[in-house]
Structure formats: structure tokens, C-alpha cells
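Written out below as C-alpha cells is the structure these notes cover.
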Amino acid sequence: HDCEHMGVPNAQLIRERSKMAARYNDRSVAECNSIDVAWGLLMEPRYIGLRETMFGKDCGEMKRFRQLVVNCVIATDISDKELAANRKKRWAQAFSSSSSSKRHLHPTMSEESPTSVTSSSSNNDDDDDEEEGMNRKAAIVIEHIMQASDVAHTMQHWHVFCKWNERLFNEMKDAYEAGRATVDPSVPEFWFKDQISFFDHYVIPLARNLKECGVFGVSSDEYLNYALDNRKEWELKGRDVSKNFVLERELRLKREEVHERRGGGRYQLMSSSVPFLSKATESSPMRLPREVREEDLTQPSIPAA
């Protein structure tokens, strides 16, 4: 996930008419590229033993695994509204009370299956339906786990959140200064309000879904609580923290300039320390949806002349 990321969003790669965007038909560009890179690595001759351990000689099992990987990584493309709406619909179908009485996926939380049957044929039908339902749940839950891992810093301790949030800020600022982004994240209030919106519309709903399905057991409460706490903390301290991001970046750039003038080579920029932030703010058969066709991931799209 995110290997060979270019440091800019898909929309920018599409605007630049990059070869990567053309190859994947302007859909989930960075995500598709990371899948190709990772899959190509797995297919190298030196990993034949690993592949045999994972799939044996079963090509069907390997194709199913690939589709699962595709769906999981594509799920991290949160800017694609169509894919997001599709996942939301499938979640509702998998975990609605009408679709199954077993709302939780975690084995310690699911109800036991009834032991009495009226006929062997009806029992087999029920077993097939139950297996299909569990596979549907497993597929969408795995996608949600991948989404959570993509923004894991938002569901951890406040200092961890600030550390990685600053790195994201700097990545976006670098892109803007290089002319590869349309929004300057250092504009007053922008970063503060953007993080509030991200918590409200993505992080917290995602954490609640993970708690609802019970896949992490009691740890699901911890992830949701961290998300809620970080959102509350950001509302109180986010403006100051955002200003510190800008200030610390300016100081580090000045250090780099001085270092280069003294002939010391390029200065290695380091993210500001968390103590600085805290000190400044302490007083304030699995049926998987084919969301992306496999051929889109293996064959470049050649634009018409």
C-alpha cells in the first residue's frame, strides 16, 4: 500500500496527464500503481517458495487472493465518491439486521448456529447462505481494516497523531510549493478545519463501523475512543498546532539554507519533535466486487492519437 507514492493526490496526476494516470484510465491511479509494484515483486522468481506456500498449485486461489488485494488497496482511494458509495452500500447489506442475525464478525461475539435441522437439503441451503453471508462480511471488513491502517495515526495517541499529521502537512506543502497542488495547506484556518472535517466524515464513521462488526474485539472501543479524543483535542489545540507546523517548517528551511551555505551539503529535514508540539499547546468462496477490472491493472491504456 502506497509504495512508489508520488507525494501528490490522484487528481494532480490526472491533471498533469501523467503516464501513470493514462495507464490506469484516470481511476485510483496511485493505488493501482502500488498494486502493480507489489504484485510484480511477489511474482519474482526468488519468491516462488512463498507463492507455493500461499497458493500451492491452485491458480484459482492466487487469482482470488489478487482480487482481494486489489479491493483492499483500492479501498484506500477515499477521493473516489463512486467507490465510497459502493462500499457503504455493501456494508449495509452485509451488516443490516435483515440480512443476518449475526451482526458481529468476531468469533467471540457471534451467536452459535442452530443445531436442529428439518431436512438435509434445507440445511445445506442454509449453510450456503450463511457461508456466503460471512464471506461478504469478511470481504468488506478486510477493506475497512485496510482503510483504518491507512489513517492509523488518527486512532492512536495524540502525540502519534500530531507526528504523522505534521508529515502529511509538509508533504502537501512541498507539493504546493513545487506547483503540483492547488491548495496551500498553510493558509490560516485551512488545515485546522480540514482535519475536523476528516474526523467527522471519515475517521470516526470508519472507527464506528469497525466497532460495530467486532473484528478487533474489545480493542475496537480503544480505536474509536482515540479517534473521538483526538478530534476533541484537535478542536481545542488544532489552531495552535497548525501554526506550529508552519513555524517549525520555516525554521527548518532556514537551518537547511544556512547549512548549505556553509558547504555542509543538503541538510536533512526532520519532522519537529512531539515535545515541541505538546509544550506549545499544553496551555491550550468469497464473492468480491470487481471494483477495478484486472485487465486495468495489467494493461496500459494507450490514448488515441
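Residues are named by chain letter and number: chains run A, B, ... in the order of the C-alpha cells, numbers start at 1 in each chain, and ligands are numbered from 1 in the order shown.
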- [ ] Tell me which protein, DNA and RNA residues are within 10 Å of Ser219 (chain A), counting only C-alpha atoms, leaving out same-chain ones fewer than 6 positions away, and put them as a VMD selection string.
- [x] chain A and resid 210 to 211 225
Open item on the list: Report as number ranges by chain all protein, DNA and RNA residues lying within 9 Å of region 16-20 of chain A, evaluated on only C-alpha atoms, omitting residues in the same chain fewer than 3 positions from it.
Closed with: A: 11-13, 23-26, 29-30, 33, 180, 300
TODO: Determine which residues of region 9-215 of chain A DSSP labels as alpha helix (DSSP H) from the backbone of this structure, then write them out as JSON, numbers by chain.
DONE: {"A": [10, 11, 12, 13, 14, 15, 19, 20, 21, 22, 23, 29, 30, 31, 32, 33, 34, 35, 36, 37, 38, 39, 40, 41, 42, 48, 49, 50, 51, 52, 53, 54, 55, 59, 60, 61, 62, 63, 64, 65, 66, 67, 68, 69, 70, 71, 72, 73, 74, 81, 82, 83, 84, 85, 86, 87, 88, 89, 90, 91, 92, 93, 94, 95, 120, 121, 122, 123, 124, 125, 126, 127, 128, 129, 130, 131, 132, 133, 134, 135, 136, 137, 138, 139, 140, 141, 142, 143, 144, 145, 146, 147, 148, 149, 150, 158, 159, 160, 161, 162, 163, 164, 165, 166, 167, 168, 169, 170, 171, 172, 173, 174, 175, 176, 177, 190, 191, 192, 193, 194, 195, 196, 197, 198, 204, 205, 206, 207, 208, 209, 210, 211, 212, 213]}
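Distance check against Arg231 (chain A) using only C-alpha atoms: of A:Asp2, A:Asp184, A:Asp200, A:Asp77, the minimum falls on A:Asp200.
Shortest separation to Leu68 (chain A) among A:Val141, A:Ala178, A:Val241, A:Val187 occurs at residue A:Val141, atoms counted being only C-alpha atoms.
Between CA of Val151 (chain A) and CA of Val203 (chain A) the separation is 7.7 Å.
Considering the residues A:Leu236, A:Ile142, A:Ile78, A:Ile35 and counting only C-alpha atoms, His5 (chain A) has its shortest atom-to-atom contact with A:Ile35.
When CA of Asp150 (chain A) is paired with CA of Leu228 (chain A), their separation reads 17.5 Å.
Relative to CA of Tyr176 (chain A), CA of Gly263 (chain A) is found at 27.8 Å.
Of the listed residues (A:Ala75, A:Met134, A:Met146, A:Val246), A:Val246 comes nearest to Lys173 (chain A); the distances count only C-alpha atoms.
Each of A:Leu206, A:Thr154, A:Arg90, A:His259 was checked against Tyr226 (chain A) using only C-alpha atoms; the smallest atom-to-atom distance is that of A:Thr154.
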TODO: Go through A:Gln156, A:Thr53, A:Asn10, A:Ser186 and flag the residue nearest Asn244 (chain A), using only C-alpha atoms for the distances.
DONE: A:Ser186
Open item on the list: List the spatial neighbours of Phe199 (chain A) as an NGL selection string - criterion: any atom at most 9 Å away, only C-alpha atoms, same-chain residues fewer than 2 positions off excluded.
Closed with: :A and (154 or 194-197 or 201-205 or 227-228 or 230-231)
Would you mind exporting the chosen residues as a short mmCIF file (atom, residue, chain, number, x, y, z; two decimals), in the first residue's frame, restricted to N, CA, C and O atoms?
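Everything below was put into selection27.cif:
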```
data_model
loop_
_atom_site.label_atom_id
_atom_site.label_comp_id
_atom_site.auth_asym_id
_atom_site.auth_seq_id
_atom_site.Cartn_x
_atom_site.Cartn_y
_atom_site.Cartn_z
N THR A 154 -4.67 8.52 13.25
CA THR A 154 -5.82 9.24 13.79
C THR A 154 -6.49 8.48 14.92
O THR A 154 -7.29 9.05 15.67
N ASP A 194 -9.86 21.44 7.93
CA ASP A 194 -9.79 20.23 7.11
C ASP A 194 -9.69 18.98 7.98
O ASP A 194 -10.31 17.95 7.67
N GLN A 195 -8.92 19.04 9.06
CA GLN A 195 -8.79 17.88 9.94
C GLN A 195 -10.08 17.61 10.71
O GLN A 195 -10.45 16.44 10.93
N ILE A 196 -10.78 18.66 11.11
CA ILE A 196 -12.08 18.48 11.76
C ILE A 196 -13.04 17.75 10.83
O ILE A 196 -13.72 16.79 11.23
N SER A 197 -13.08 18.19 9.59
CA SER A 197 -13.96 17.55 8.60
C SER A 197 -13.56 16.10 8.36
O SER A 197 -14.42 15.22 8.23
N HIS A 201 -16.25 13.09 8.98
CA HIS A 201 -16.85 12.43 7.82
C HIS A 201 -16.16 11.14 7.39
O HIS A 201 -16.69 10.41 6.55
N TYR A 202 -14.98 10.88 7.96
CA TYR A 202 -14.28 9.66 7.54
C TYR A 202 -13.76 8.83 8.71
O TYR A 202 -14.14 7.67 8.87
N VAL A 203 -12.92 9.42 9.54
CA VAL A 203 -12.24 8.65 10.58
C VAL A 203 -13.22 8.07 11.61
O VAL A 203 -13.22 6.86 11.88
N ILE A 204 -14.07 8.91 12.18
CA ILE A 204 -14.98 8.45 13.22
C ILE A 204 -16.02 7.47 12.69
O ILE A 204 -16.27 6.43 13.32
N PRO A 205 -16.65 7.72 11.53
CA PRO A 205 -17.55 6.71 10.97
C PRO A 205 -16.84 5.38 10.70
O PRO A 205 -17.42 4.31 10.93
N ALA A 227 -9.96 8.06 18.39
CA ALA A 227 -10.42 8.95 17.32
C ALA A 227 -11.25 10.09 17.89
O ALA A 227 -11.07 11.26 17.52
N LEU A 228 -12.16 9.75 18.80
CA LEU A 228 -13.01 10.78 19.41
C LEU A 228 -12.18 11.74 20.27
O LEU A 228 -12.40 12.97 20.23
N ASN A 230 -8.93 12.44 19.94
CA ASN A 230 -8.08 13.26 19.08
C ASN A 230 -8.88 14.36 18.39
O ASN A 230 -8.39 15.48 18.22
N ARG A 231 -10.10 14.04 18.04
CA ARG A 231 -10.95 15.05 17.42
C ARG A 231 -11.24 16.17 18.42
O ARG A 231 -11.18 17.36 18.08
#
```
